[in-house]
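J.: Contents of entry39.cif (mmCIF, C-alpha atoms and all ligand atoms):
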```cif
data_entry
loop_
_atom_site.label_atom_id
_atom_site.label_comp_id
_atom_site.auth_asym_id
_atom_site.auth_seq_id
_atom_site.Cartn_x
_atom_site.Cartn_y
_atom_site.Cartn_z
CA MET A 17 11.93 -5.20 0.90
CA LYS A 18 11.73 -2.35 3.38
CA THR A 19 9.00 0.18 2.66
CA GLU A 20 9.91 3.74 3.55
CA VAL A 21 7.05 6.01 4.66
CA ALA A 22 7.76 9.70 4.02
CA VAL A 23 5.41 12.46 5.13
CA ILE A 24 4.76 15.37 2.78
CA GLU A 25 4.79 18.39 5.03
CA GLY A 26 4.35 21.32 2.71
CA THR A 27 7.92 22.48 3.35
CA ASP A 28 11.06 22.81 1.20
CA ASN A 29 12.02 19.31 2.17
CA ASP A 30 9.15 17.94 0.04
CA ARG A 31 10.99 18.77 -3.17
CA LYS A 32 13.94 16.56 -2.25
CA LEU A 33 11.61 13.80 -1.13
CA ILE A 34 9.66 13.84 -4.37
CA GLU A 35 12.86 13.97 -6.43
CA ARG A 36 13.99 10.82 -4.66
CA ALA A 37 10.61 9.13 -5.15
CA GLY A 38 10.81 10.09 -8.85
CA SER A 39 14.19 8.47 -9.26
CA ILE A 40 12.90 5.28 -7.60
CA LEU A 41 10.17 5.18 -10.26
CA LYS A 42 12.69 5.87 -13.04
CA GLN A 43 14.74 2.92 -11.83
CA GLY A 44 11.73 0.61 -12.04
CA GLY A 45 10.66 0.78 -8.38
CA LEU A 46 7.19 1.34 -6.92
CA VAL A 47 5.99 4.37 -4.93
CA ALA A 48 2.50 4.92 -3.47
CA PHE A 49 1.33 8.53 -3.56
CA PRO A 50 -1.72 10.63 -2.73
CA THR A 51 -4.09 11.88 -5.42
CA GLU A 52 -7.28 13.89 -4.92
CA THR A 53 -9.39 10.71 -5.31
CA VAL A 54 -7.57 7.83 -3.56
CA TYR A 55 -3.92 6.79 -3.04
CA GLY A 56 -2.25 5.37 -6.14
CA LEU A 57 0.41 2.66 -6.45
CA GLY A 58 2.81 4.13 -8.99
CA GLY A 59 5.33 2.62 -11.39
CA ASP A 60 6.87 3.84 -14.67
CA ALA A 61 4.04 3.37 -17.18
CA LEU A 62 6.43 2.85 -20.10
CA ASN A 63 8.42 0.15 -18.34
CA ARG A 64 6.77 -3.26 -18.72
CA GLU A 65 8.72 -4.63 -15.76
CA SER A 66 7.26 -1.90 -13.51
CA SER A 67 3.73 -2.79 -14.57
CA ARG A 68 4.39 -6.46 -13.81
CA LYS A 69 5.59 -5.46 -10.36
CA ILE A 70 2.42 -3.44 -9.75
CA TYR A 71 0.22 -6.45 -10.51
CA GLU A 72 2.32 -8.58 -8.22
CA ALA A 73 2.26 -6.10 -5.31
CA LYS A 74 -1.54 -5.77 -5.55
CA GLY A 75 -2.22 -9.44 -6.21
CA ARG A 76 -4.19 -8.17 -9.19
CA PRO A 77 -4.98 -10.17 -12.34
CA SER A 78 -2.77 -8.87 -15.14
CA ASP A 79 -5.66 -8.56 -17.63
CA ASN A 80 -6.91 -5.62 -15.57
CA PRO A 81 -5.39 -2.50 -17.17
CA LEU A 82 -3.71 0.37 -15.30
CA ILE A 83 -4.39 4.10 -15.54
CA VAL A 84 -1.49 6.17 -16.91
CA HIS A 85 -1.12 9.42 -14.96
CA ILE A 86 0.36 12.48 -16.67
CA ALA A 87 1.12 15.97 -15.40
CA ASP A 88 1.17 18.04 -18.60
CA MET A 89 -1.10 18.14 -21.65
CA GLU A 90 1.96 17.85 -23.98
CA MET A 91 2.51 14.33 -22.70
CA LEU A 92 -0.84 13.06 -23.98
CA GLY A 93 0.15 12.83 -27.65
CA ALA A 94 3.00 10.44 -26.91
CA ILE A 95 0.80 7.77 -25.32
CA ALA A 96 -2.52 8.21 -27.16
CA ASP A 97 -3.18 8.14 -30.93
CA ASP A 98 -6.03 9.93 -32.76
CA VAL A 99 -7.12 11.90 -29.69
CA PRO A 100 -10.68 13.07 -30.49
CA GLU A 101 -11.89 16.66 -30.05
CA ALA A 102 -14.18 15.56 -27.22
CA ALA A 103 -11.16 14.37 -25.22
CA LYS A 104 -9.44 17.72 -25.67
CA THR A 105 -12.59 19.55 -24.58
CA LEU A 106 -12.93 17.40 -21.46
CA ALA A 107 -9.23 17.71 -20.64
CA SER A 108 -9.31 21.49 -20.80
CA LYS A 109 -12.35 21.59 -18.53
CA TYR A 110 -11.61 18.81 -15.99
CA TRP A 111 -7.82 18.27 -15.94
CA PRO A 112 -6.10 18.24 -13.61
CA GLY A 113 -8.95 16.43 -11.87
CA PRO A 114 -10.88 13.22 -11.14
CA LEU A 115 -11.53 12.19 -14.74
CA THR A 116 -9.93 9.27 -16.60
CA MET A 117 -10.30 9.00 -20.37
CA ILE A 118 -10.00 5.83 -22.44
CA LEU A 119 -8.20 6.55 -25.71
CA LYS A 120 -6.46 4.62 -28.47
CA LYS A 121 -3.00 3.66 -27.20
CA SER A 122 0.21 4.57 -29.01
CA ALA A 123 2.98 2.06 -29.73
CA LYS A 124 4.95 3.56 -26.86
CA VAL A 125 2.66 2.11 -24.18
CA PRO A 126 3.48 -1.52 -23.36
CA TYR A 127 0.66 -4.08 -23.34
CA GLU A 128 1.66 -4.96 -19.79
CA THR A 129 0.33 -1.52 -18.78
CA THR A 130 -2.93 -1.80 -20.75
CA GLY A 131 -3.66 -5.40 -19.80
CA GLY A 132 -3.28 -6.40 -23.43
CA LEU A 133 -5.79 -3.82 -24.72
CA GLU A 134 -5.35 -1.49 -27.72
CA THR A 135 -6.66 1.38 -25.58
CA VAL A 136 -5.07 3.30 -22.73
CA ALA A 137 -6.65 4.98 -19.70
CA VAL A 138 -5.19 8.45 -19.04
CA ARG A 139 -5.69 10.83 -16.14
CA MET A 140 -4.09 14.05 -14.90
CA PRO A 141 -4.59 14.09 -11.12
CA ALA A 142 -5.17 17.37 -9.25
CA HIS A 143 -2.95 16.70 -6.22
CA PRO A 144 0.21 18.90 -6.25
CA ALA A 145 2.45 16.12 -4.87
CA ALA A 146 1.14 13.70 -7.50
CA LEU A 147 1.89 16.19 -10.29
CA SER A 148 5.42 16.83 -9.01
CA LEU A 149 6.06 13.12 -8.65
CA ILE A 150 4.87 12.36 -12.19
CA ARG A 151 7.21 15.06 -13.56
CA ALA A 152 10.10 13.79 -11.45
CA ALA A 153 9.47 10.26 -12.76
CA GLY A 154 9.73 11.30 -16.41
CA GLY A 155 6.09 12.06 -17.16
CA TYR A 156 4.14 8.78 -17.21
CA VAL A 157 3.13 6.99 -14.03
CA ALA A 158 0.93 3.89 -14.14
CA ALA A 159 -1.12 3.75 -10.95
CA PRO A 160 -4.00 1.64 -9.82
CA SER A 161 -5.47 2.32 -6.38
CA ALA A 162 -2.88 1.37 -3.76
CA ASN A 163 -4.88 -1.43 -2.12
CA THR A 164 -4.56 -5.18 -2.22
CA SER A 165 -6.88 -6.40 -4.98
CA GLY A 166 -10.42 -6.76 -3.60
CA LYS A 167 -10.04 -4.34 -0.69
CA PRO A 168 -11.44 -0.80 -0.49
CA SER A 169 -9.18 1.83 -2.07
CA PRO A 170 -7.00 3.62 0.51
CA THR A 171 -7.97 7.16 1.48
CA MET A 172 -5.15 7.47 4.03
CA ALA A 173 -1.49 6.43 3.98
CA ARG A 174 -2.02 4.15 6.96
CA PHE A 175 -4.32 1.95 4.85
CA VAL A 176 -1.70 1.84 2.07
CA LYS A 177 0.85 0.67 4.62
CA GLU A 178 -1.52 -2.01 5.87
CA ASP A 179 -1.72 -3.52 2.37
CA MET A 180 1.67 -2.68 0.84
CA ASP A 181 4.22 -2.78 3.65
CA GLY A 182 7.22 -4.82 2.48
CA ARG A 183 5.91 -4.96 -1.11
CA ILE A 184 6.87 -1.52 -2.46
CA ASP A 185 9.79 0.89 -2.08
CA MET A 186 8.10 3.98 -0.69
CA ILE A 187 4.84 5.53 0.49
CA LEU A 188 4.36 9.30 0.26
CA ASP A 189 1.99 10.26 3.06
CA GLY A 190 -0.06 13.32 2.08
CA GLY A 191 -2.78 12.93 4.71
CA MET A 192 -6.38 12.13 3.96
CA VAL A 193 -7.51 12.47 0.33
CA GLY A 194 -10.10 15.04 -0.71
CA ILE A 195 -12.66 13.05 -2.72
CA GLY A 196 -12.43 9.49 -1.41
CA LEU A 197 -13.82 7.59 -4.43
CA GLU A 198 -11.93 6.72 -7.62
CA SER A 199 -12.08 8.91 -10.72
CA THR A 200 -14.88 8.85 -13.27
CA ILE A 201 -13.85 6.75 -16.29
CA VAL A 202 -15.18 7.75 -19.70
CA ASP A 203 -14.48 5.82 -22.90
CA LEU A 204 -13.91 8.13 -25.89
CA THR A 205 -12.96 5.50 -28.43
CA GLU A 206 -16.50 5.16 -29.86
CA ASN A 207 -18.84 7.78 -31.34
CA ILE A 208 -20.85 8.16 -28.16
CA PRO A 209 -18.79 8.71 -25.00
CA MET A 210 -19.56 6.06 -22.39
CA ILE A 211 -19.07 6.18 -18.64
CA LEU A 212 -17.45 2.94 -17.48
CA ARG A 213 -17.14 3.94 -13.83
CA PRO A 214 -19.14 6.76 -12.16
CA GLY A 215 -17.26 9.28 -10.01
CA TYR A 216 -17.11 12.89 -8.91
CA ILE A 217 -17.44 14.13 -12.51
CA THR A 218 -21.03 13.17 -13.27
CA LYS A 219 -22.84 12.25 -16.50
CA GLU A 220 -24.65 15.60 -16.37
CA MET A 221 -21.35 17.50 -16.10
CA LEU A 222 -19.88 15.59 -19.07
CA GLU A 223 -23.01 16.16 -21.18
CA ASP A 224 -23.02 19.88 -20.33
CA THR A 225 -19.39 20.24 -21.37
CA LEU A 226 -19.59 18.13 -24.53
CA LYS A 227 -23.07 19.34 -25.53
CA MET A 228 -23.95 15.80 -26.46
CA GLN A 229 -25.39 12.70 -24.89
CA VAL A 230 -23.13 10.49 -22.84
CA SER A 231 -24.12 6.88 -22.19
CA LEU A 232 -23.55 4.73 -19.14
CA ASP A 233 -22.19 1.17 -19.26
CA ARG A 234 -25.28 -0.98 -18.62
CA SER A 235 -23.50 -3.17 -16.11
CA ILE A 236 -23.24 -0.13 -13.79
CA LEU A 237 -27.01 0.20 -13.58
CA GLN A 238 -27.92 -3.47 -13.45
CA GLY A 239 -26.20 -4.96 -10.48
CA ASN A 240 -26.02 -8.58 -11.46
CA SER A 241 -26.02 -8.01 -15.19
CA ILE A 242 -24.83 -10.95 -17.23
CA GLN A 243 -23.23 -8.41 -19.54
CA ALA A 244 -19.50 -8.02 -18.92
CA PRO A 245 -18.52 -4.48 -17.92
CA ARG A 246 -16.28 -2.63 -20.38
CA ALA A 247 -13.79 -1.59 -17.71
CA PRO A 248 -12.23 -4.95 -16.92
CA GLY A 249 -11.69 -3.97 -13.29
CA MET A 250 -15.40 -3.45 -12.71
CA LYS A 251 -16.09 -7.16 -13.10
CA TYR A 252 -14.07 -8.17 -10.09
CA ARG A 253 -15.65 -8.25 -6.66
CA HIS A 254 -14.34 -5.01 -5.31
CA TYR A 255 -14.32 -2.74 -2.32
CA ALA A 256 -15.27 -5.71 -0.19
CA PRO A 257 -15.19 -5.53 3.60
CA LYS A 258 -14.72 -8.77 5.53
CA GLY A 259 -18.15 -8.45 7.16
CA ALA A 260 -21.33 -9.33 5.24
CA LEU A 261 -22.84 -6.01 4.18
CA THR A 262 -26.56 -5.40 3.55
CA ILE A 263 -28.01 -2.06 2.43
CA ILE A 264 -31.43 -1.12 3.77
CA ALA A 265 -33.29 1.55 1.76
CA GLY A 266 -36.40 3.43 2.79
CA GLU A 267 -37.73 6.08 5.14
CA GLU A 268 -35.23 7.08 7.86
CA LYS A 269 -37.10 5.88 10.96
CA LYS A 270 -38.25 2.62 9.37
CA VAL A 271 -34.72 1.88 8.21
CA ALA A 272 -33.37 2.46 11.72
CA ALA A 273 -36.06 0.24 13.27
CA LEU A 274 -35.37 -2.64 10.87
CA ILE A 275 -31.59 -2.35 11.25
CA ASN A 276 -31.92 -2.37 15.05
CA GLU A 277 -34.15 -5.44 14.92
CA ARG A 278 -31.71 -7.29 12.66
CA SER A 279 -28.74 -6.13 14.67
CA GLU A 280 -30.22 -7.51 17.89
CA GLU A 281 -30.94 -10.85 16.23
CA MET A 282 -27.40 -11.09 14.87
CA ARG A 283 -25.76 -10.12 18.14
CA LYS A 284 -27.72 -12.88 19.89
CA ARG A 285 -26.16 -15.27 17.40
CA GLY A 286 -22.72 -14.03 18.37
CA GLU A 287 -22.10 -11.77 15.39
CA LYS A 288 -20.35 -8.42 15.78
CA VAL A 289 -22.54 -5.82 14.09
CA GLY A 290 -21.51 -2.53 12.46
CA VAL A 291 -23.86 0.14 11.11
CA ILE A 292 -23.15 2.85 8.52
CA GLY A 293 -25.39 5.81 9.34
CA THR A 294 -25.12 9.56 8.91
CA GLU A 295 -24.90 12.58 11.21
CA GLN A 296 -28.67 12.75 11.02
CA THR A 297 -29.24 9.16 12.13
CA THR A 298 -26.40 7.60 14.15
CA ALA A 299 -28.18 8.32 17.45
CA LEU A 300 -31.04 6.05 16.32
CA TYR A 301 -28.92 2.88 16.08
CA ARG A 302 -27.98 0.16 18.53
CA ALA A 303 -25.09 -2.06 17.39
CA ASP A 304 -21.50 -2.93 18.36
CA SER A 305 -20.06 -0.20 16.16
CA VAL A 306 -22.08 2.69 14.72
CA LYS A 307 -20.29 5.01 12.30
CA SER A 308 -21.32 8.21 10.61
CA ALA A 309 -20.51 8.52 6.92
CA GLY A 310 -21.06 12.27 7.17
CA ASN A 311 -23.96 14.50 6.31
CA ARG A 312 -26.88 12.89 4.47
CA ASN A 313 -27.45 16.14 2.54
CA ASP A 314 -23.82 16.50 1.50
CA GLU A 315 -22.73 13.54 -0.62
CA GLU A 316 -19.13 14.78 -0.73
CA THR A 317 -18.77 14.04 2.99
CA VAL A 318 -20.20 10.53 2.52
CA ALA A 319 -17.86 9.75 -0.40
CA ARG A 320 -14.88 10.82 1.67
CA GLU A 321 -15.67 8.58 4.66
CA LEU A 322 -17.06 5.45 3.01
CA TYR A 323 -13.84 3.47 2.39
CA ARG A 324 -12.35 4.51 5.74
CA ILE A 325 -15.42 3.09 7.50
CA LEU A 326 -15.32 -0.19 5.57
CA ARG A 327 -11.65 -0.62 6.47
CA GLU A 328 -12.24 0.27 10.11
CA PHE A 329 -14.95 -2.38 10.34
CA ASP A 330 -12.34 -4.86 9.09
CA GLU A 331 -9.91 -3.70 11.78
CA GLU A 332 -12.64 -4.09 14.43
CA GLU A 333 -13.46 -7.55 13.07
CA VAL A 334 -17.09 -6.68 12.51
CA THR A 335 -18.83 -9.70 10.94
CA VAL A 336 -22.17 -8.20 9.87
CA ILE A 337 -22.69 -4.67 8.49
CA TYR A 338 -25.87 -2.73 7.74
CA SER A 339 -25.84 0.50 5.78
CA GLU A 340 -28.36 3.15 4.91
CA ALA A 341 -28.84 3.84 1.18
CA PHE A 342 -28.07 7.15 -0.53
CA GLU A 343 -29.70 9.13 -3.35
CA GLU A 344 -28.50 7.88 -6.73
CA THR A 345 -28.44 11.30 -8.36
CA GLY A 346 -25.27 13.25 -9.27
CA PHE A 347 -22.22 12.14 -7.29
CA GLY A 348 -24.58 9.86 -5.32
CA GLN A 349 -24.50 7.46 -8.27
CA ALA A 350 -20.81 6.80 -7.61
CA ILE A 351 -21.43 6.33 -3.87
CA MET A 352 -24.20 3.79 -4.46
CA ASN A 353 -22.16 2.05 -7.18
CA ARG A 354 -19.31 1.39 -4.70
CA LEU A 355 -21.63 0.61 -1.78
CA LEU A 356 -23.61 -1.91 -3.85
CA LYS A 357 -20.39 -3.61 -4.94
CA ALA A 358 -19.17 -3.77 -1.36
CA ALA A 359 -22.53 -5.36 -0.48
CA GLY A 360 -22.37 -7.85 -3.35
CA HIS A 361 -25.65 -6.14 -4.39
CA HIS A 362 -27.52 -7.13 -1.24
CA ILE A 363 -30.09 -4.37 -0.88
CA GLU A 364 -33.55 -4.44 0.70
CA TYR A 365 -36.22 -1.82 0.17
CA ILE A 366 -38.77 -1.07 2.89
CA GLU A 367 -42.20 0.16 1.77
O1 LIG A 401 -9.00 7.74 -9.06
C1 LIG A 401 -8.43 6.85 -9.69
O2 LIG A 401 -8.71 6.58 -10.88
C2 LIG A 401 -7.31 6.07 -8.97
C3 LIG A 401 -6.16 7.02 -8.69
C4 LIG A 401 -4.97 6.33 -8.11
O3 LIG A 401 -5.83 7.71 -9.86
N1 LIG A 401 -6.90 4.94 -9.76
C5 LIG A 401 -7.68 3.84 -9.91
O4 LIG A 401 -7.09 2.82 -10.64
O5 LIG A 401 -8.80 3.74 -9.45
P1 LIG A 401 -7.61 1.32 -10.64
O6 LIG A 401 -6.57 0.57 -11.39
O7 LIG A 401 -7.88 0.89 -9.27
O8 LIG A 401 -8.91 1.35 -11.48
C6 LIG A 401 -8.80 1.55 -12.89
C7 LIG A 401 -10.00 1.03 -13.61
C8 LIG A 401 -10.08 -0.48 -13.61
O9 LIG A 401 -11.44 -0.86 -13.39
C9 LIG A 401 -9.63 -0.83 -15.03
O10 LIG A 401 -10.21 -2.02 -15.49
C10 LIG A 401 -10.13 0.36 -15.82
O11 LIG A 401 -9.87 1.44 -14.96
N2 LIG A 401 -9.33 0.57 -17.06
C11 LIG A 401 -8.01 0.89 -17.15
N3 LIG A 401 -7.63 0.94 -18.44
C12 LIG A 401 -8.71 0.67 -19.18
C13 LIG A 401 -8.96 0.56 -20.58
N4 LIG A 401 -7.99 0.74 -21.47
N5 LIG A 401 -10.21 0.23 -20.98
C14 LIG A 401 -11.21 0.06 -20.08
N6 LIG A 401 -11.04 0.14 -18.75
C15 LIG A 401 -9.81 0.44 -18.30
MG MG A 402 -8.79 -0.04 -7.71
#
```
Using structure tokens, write down the structure from this file.
Ligand code: TXA
Ligand code: MG

T.:
Amino acid sequence: MKTEVAVIEGTDNDRKLIERAGSILKQGGLVAFPTETVYGLGGDALNRESSRKIYEAKGRPSDNPLIVHIADMEMLGAIADDVPEAAKTLASKYWPGPLTMILKKSAKVPYETTGGLETVAVRMPAHPAALSLIRAAGGYVAAPSANTSGKPSPTMARFVKEDMDGRIDMILDGGMVGIGLESTIVDLTENIPMILRPGYITKEMLEDTLKMQVSLDRSILQGNSIQAPRAPGMKYRHYAPKGALTIIAGEEKKVAALINERSEEMRKRGEKVGVIGTEQTTALYRADSVKSAGNRNDEETVARELYRILREFDEEEVTVIYSEAFEETGFGQAIMNRLLKAAGHHIEYIE
């Protein structure tokens, strides 16, 4: 299969392009597209054949459910039953935006899309091209992140192409995404809403809006918990770079000194060493490849760069990676959640 890459330019031509992409989806094909979080790999959510194709293109286990993307509130009732008040409140506040809600699925949604579950994940993305595409495709687009299973989610079309070239019909290139980490997932099927995956929309924001307590899936907090996570996808080793990643947490200068010491040792052994620092610290490091994840005091910059850096280390064939740690408050919780997964939970704390 030849994969067409089409650039969204913000001109009149885009409309034709998106119409064409929409008809590919309607005919059961696959199209990758930008959202505000990461690139998605889209197929018709109501077509079981399309969902099968998505799993195949990603090399993803088919018990790992897909998120159904909608563009208009009216579409929600057709795919979700007994939508609770809390879901409506969250939708009016955060949609379109980086929030996915788990709801009871309607009969219309095939089990192939929900990985056999009785629930369905729904999100209305905030990217204008994504919204137009969903409408052009008939209203319901199933889309996991557009990476090969186990790789960091793509934040640029070039990374989608790396993983999906020859496996899907089309890639819509909308440039670099805005947020860089996947949406927050909140389960609204029980009495107490539960966050299954942290993201840009934080626990505090959800609690403020709902005026009630929101819980957090325990497996998010405890790295190597024996408890199975409630979002099936969270159990798989994810976001993994090829190099062995270790996080070093502690005071800035001590962290840099320890990373430099380790880096020297590893380079003597013939390893190629990469370091993830920040604007504030990159000058302190000595390694084969030192990258800045942005501004230490602005977590949004770090979230946006993290996956790009992990993928670039792969391209550079870095074999050992050290990273600084980040504050686990607010959006930082999502950053550390992904970084810890990428590190297989290898973290060291310096006194
Ligand atoms: O930001 C995002 O959410 C991106 C963009 C493309 O929208 N999508 C994304 O999809 O991250 P994916 O498939 O890579 O991650 C979806 C996660 C998986 O961990 C999956 O197990 C979980 O959502 N999930 C989907 N449906 C679920 C359900 N019914 N119950 C529990 N977890 C569910
Ligand atoms: Mg994913």

J.: For a test of reading the model, state the distance in Å between atom CA of A:Glu281 and atom CA of A:Lys357, rounded to one decimal.

T.: 24.7 Å

J.: I'd like to know which of A:Ser161, A:Asn313, A:Thr262, A:Thr51 is closest to A:His143, using all atoms listed in the file.

T.: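 With all atoms listed in the file as the atom set, the closest residue is A:Thr51.
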
J.: Enclose ligand LIG 401 (chain A), meaning all of its atoms listed in the file, in a box aligned along x, y and z, pad it by 5 Å on each side, and list the centre and edge lengths in Å to one decimal, as JSON.

T.:
```
{"center_x": -8.2, "center_y": 2.9, "center_z": -14.8, "size_x": 16.5, "size_y": 19.8, "size_z": 23.4}
```

J.: From (-13.5, -5.5, 9.6), in the file's coordinates, out to 10 Å: which residues are reached, counting only C-alpha atoms? Answer as a list in words.

T.: Ala256, Pro257, Lys258, Gly259, Ala260, Lys288, Gly290, Ile325, Leu326, Arg327, Glu328, Phe329, Asp330, Glu331, Glu332, Glu333, Val334, Thr335, Val336 and Ile337 of chain A

J.: Can I get the residues of chain A within 8 Å of ligand LIG 401 (chain A), each with the closest pair of atoms and their distance in Å to one decimal, using only C-alpha atoms and all ligand atoms, sorted chain first then ascending number, as a Markdown table?

T.:
```
| residue | atom | partner | partner_atom | distance |
| --- | --- | --- | --- | --- |
| A:Pro50 | CA | A:LIG401 | C4 | 7.6 |
| A:Thr51 | CA | A:LIG401 | C3 | 6.2 |
| A:Glu52 | CA | A:LIG401 | O1 | 7.6 |
| A:Thr53 | CA | A:LIG401 | O1 | 4.8 |
| A:Val54 | CA | A:LIG401 | C3 | 5.4 |
| A:Tyr55 | CA | A:LIG401 | C4 | 5.2 |
| A:Gly56 | CA | A:LIG401 | C4 | 3.5 |
| A:Leu57 | CA | A:LIG401 | C4 | 6.7 |
| A:Asn80 | CA | A:LIG401 | O10 | 4.9 |
| A:Pro81 | CA | A:LIG401 | C11 | 4.3 |
| A:Leu82 | CA | A:LIG401 | C11 | 4.7 |
| A:Ile83 | CA | A:LIG401 | C11 | 5.1 |
| A:His85 | CA | A:LIG401 | O3 | 7.1 |
| A:Pro114 | CA | A:LIG401 | O1 | 6.2 |
| A:Leu115 | CA | A:LIG401 | O2 | 7.4 |
| A:Thr116 | CA | A:LIG401 | O2 | 6.4 |
| A:Ile118 | CA | A:LIG401 | N4 | 5.6 |
| A:Leu119 | CA | A:LIG401 | N4 | 7.2 |
| A:Thr130 | CA | A:LIG401 | N4 | 5.7 |
| A:Gly131 | CA | A:LIG401 | N3 | 7.6 |
| A:Leu133 | CA | A:LIG401 | N4 | 6.0 |
| A:Glu134 | CA | A:LIG401 | N4 | 7.1 |
| A:Thr135 | CA | A:LIG401 | N4 | 4.4 |
| A:Val136 | CA | A:LIG401 | N4 | 4.1 |
| A:Ala137 | CA | A:LIG401 | N3 | 4.3 |
| A:Val138 | CA | A:LIG401 | N3 | 7.9 |
| A:Arg139 | CA | A:LIG401 | O3 | 7.0 |
| A:Pro141 | CA | A:LIG401 | O3 | 6.6 |
| A:Ala159 | CA | A:LIG401 | C4 | 5.4 |
| A:Pro160 | CA | A:LIG401 | O6 | 3.2 |
| A:Ser161 | CA | A:LIG401 | O7 | 4.0 |
| A:Ala162 | CA | A:LIG401 | C4 | 6.9 |
| A:Ser169 | CA | A:LIG401 | O7 | 7.4 |
| A:Leu197 | CA | A:LIG401 | O1 | 6.7 |
| A:Glu198 | CA | A:LIG401 | O1 | 3.4 |
| A:Ser199 | CA | A:LIG401 | O1 | 3.7 |
| A:Thr200 | CA | A:LIG401 | O2 | 7.0 |
| A:Ile201 | CA | A:LIG401 | O11 | 6.8 |
| A:Asp203 | CA | A:LIG401 | C14 | 7.2 |
| A:Leu212 | CA | A:LIG401 | N6 | 7.1 |
| A:Arg213 | CA | A:LIG401 | O9 | 7.5 |
| A:Arg246 | CA | A:LIG401 | C14 | 5.7 |
| A:Ala247 | CA | A:LIG401 | N6 | 3.4 |
| A:Pro248 | CA | A:LIG401 | O10 | 3.8 |
| A:Gly249 | CA | A:LIG401 | O9 | 3.1 |
| A:Met250 | CA | A:LIG401 | O9 | 4.8 |
| A:Lys251 | CA | A:LIG401 | O9 | 7.8 |
```

J.: Which of these, A:Gly75, A:Gly38, A:Pro112, A:Gly266, has the shortest distance to ligand MG 402 (chain A) once you count all atoms listed in the file?

T.: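 Result for the nearest residue to ligand MG 402 (chain A): A:Gly75.
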
J.: Starting from the incomplete input, reconstruct N, CA and C atoms of stretch 79-92 of chain A and write that as a PDB file, in the frame of the given file.

T.:
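Final output, rebuild_3.pdb:
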```pdb
ATOM      1  N   ASP A  79      -4.834  -9.003 -16.500  1.00  0.00           N
ATOM      2  CA  ASP A  79      -5.660  -8.560 -17.630  1.00  0.00           C
ATOM      3  C   ASP A  79      -6.460  -7.317 -17.235  1.00  0.00           C
ATOM      4  N   ASN A  80      -6.182  -6.793 -16.044  1.00  0.00           N
ATOM      5  CA  ASN A  80      -6.910  -5.620 -15.570  1.00  0.00           C
ATOM      6  C   ASN A  80      -6.021  -4.385 -15.741  1.00  0.00           C
ATOM      7  N   PRO A  81      -6.317  -3.572 -16.778  1.00  0.00           N
ATOM      8  CA  PRO A  81      -5.390  -2.500 -17.170  1.00  0.00           C
ATOM      9  C   PRO A  81      -5.199  -1.402 -16.125  1.00  0.00           C
ATOM     10  N   LEU A  82      -4.077  -0.694 -16.241  1.00  0.00           N
ATOM     11  CA  LEU A  82      -3.710   0.370 -15.300  1.00  0.00           C
ATOM     12  C   LEU A  82      -4.007   1.737 -15.915  1.00  0.00           C
ATOM     13  N   ILE A  83      -4.202   2.727 -15.060  1.00  0.00           N
ATOM     14  CA  ILE A  83      -4.390   4.100 -15.540  1.00  0.00           C
ATOM     15  C   ILE A  83      -3.015   4.769 -15.634  1.00  0.00           C
ATOM     16  N   VAL A  84      -2.738   5.424 -16.770  1.00  0.00           N
ATOM     17  CA  VAL A  84      -1.490   6.170 -16.910  1.00  0.00           C
ATOM     18  C   VAL A  84      -1.736   7.614 -16.475  1.00  0.00           C
ATOM     19  N   HIS A  85      -0.963   8.065 -15.484  1.00  0.00           N
ATOM     20  CA  HIS A  85      -1.120   9.420 -14.960  1.00  0.00           C
ATOM     21  C   HIS A  85      -0.079  10.338 -15.593  1.00  0.00           C
ATOM     22  N   ILE A  86      -0.555  11.488 -16.092  1.00  0.00           N
ATOM     23  CA  ILE A  86       0.360  12.480 -16.670  1.00  0.00           C
ATOM     24  C   ILE A  86       0.217  13.799 -15.901  1.00  0.00           C
ATOM     25  N   ALA A  87       1.159  14.702 -16.124  1.00  0.00           N
ATOM     26  CA  ALA A  87       1.120  15.970 -15.400  1.00  0.00           C
ATOM     27  C   ALA A  87       1.012  17.168 -16.344  1.00  0.00           C
ATOM     28  N   ASP A  88       1.212  16.942 -17.635  1.00  0.00           N
ATOM     29  CA  ASP A  88       1.170  18.040 -18.600  1.00  0.00           C
ATOM     30  C   ASP A  88       0.472  17.574 -19.869  1.00  0.00           C
ATOM     31  N   MET A  89      -0.338  18.456 -20.447  1.00  0.00           N
ATOM     32  CA  MET A  89      -1.100  18.140 -21.650  1.00  0.00           C
ATOM     33  C   MET A  89      -0.192  17.647 -22.784  1.00  0.00           C
ATOM     34  N   GLU A  90       1.040  18.234 -22.885  1.00  0.00           N
ATOM     35  CA  GLU A  90       1.960  17.850 -23.980  1.00  0.00           C
ATOM     36  C   GLU A  90       2.275  16.361 -23.962  1.00  0.00           C
ATOM     37  N   MET A  91       2.134  15.740 -22.810  1.00  0.00           N
ATOM     38  CA  MET A  91       2.510  14.330 -22.700  1.00  0.00           C
ATOM     39  C   MET A  91       1.469  13.409 -23.347  1.00  0.00           C
ATOM     40  N   LEU A  92       0.258  13.921 -23.513  1.00  0.00           N
ATOM     41  CA  LEU A  92      -0.840  13.060 -23.980  1.00  0.00           C
ATOM     42  C   LEU A  92      -0.560  12.453 -25.347  1.00  0.00           C
TER      43      LEU A  92
END
```
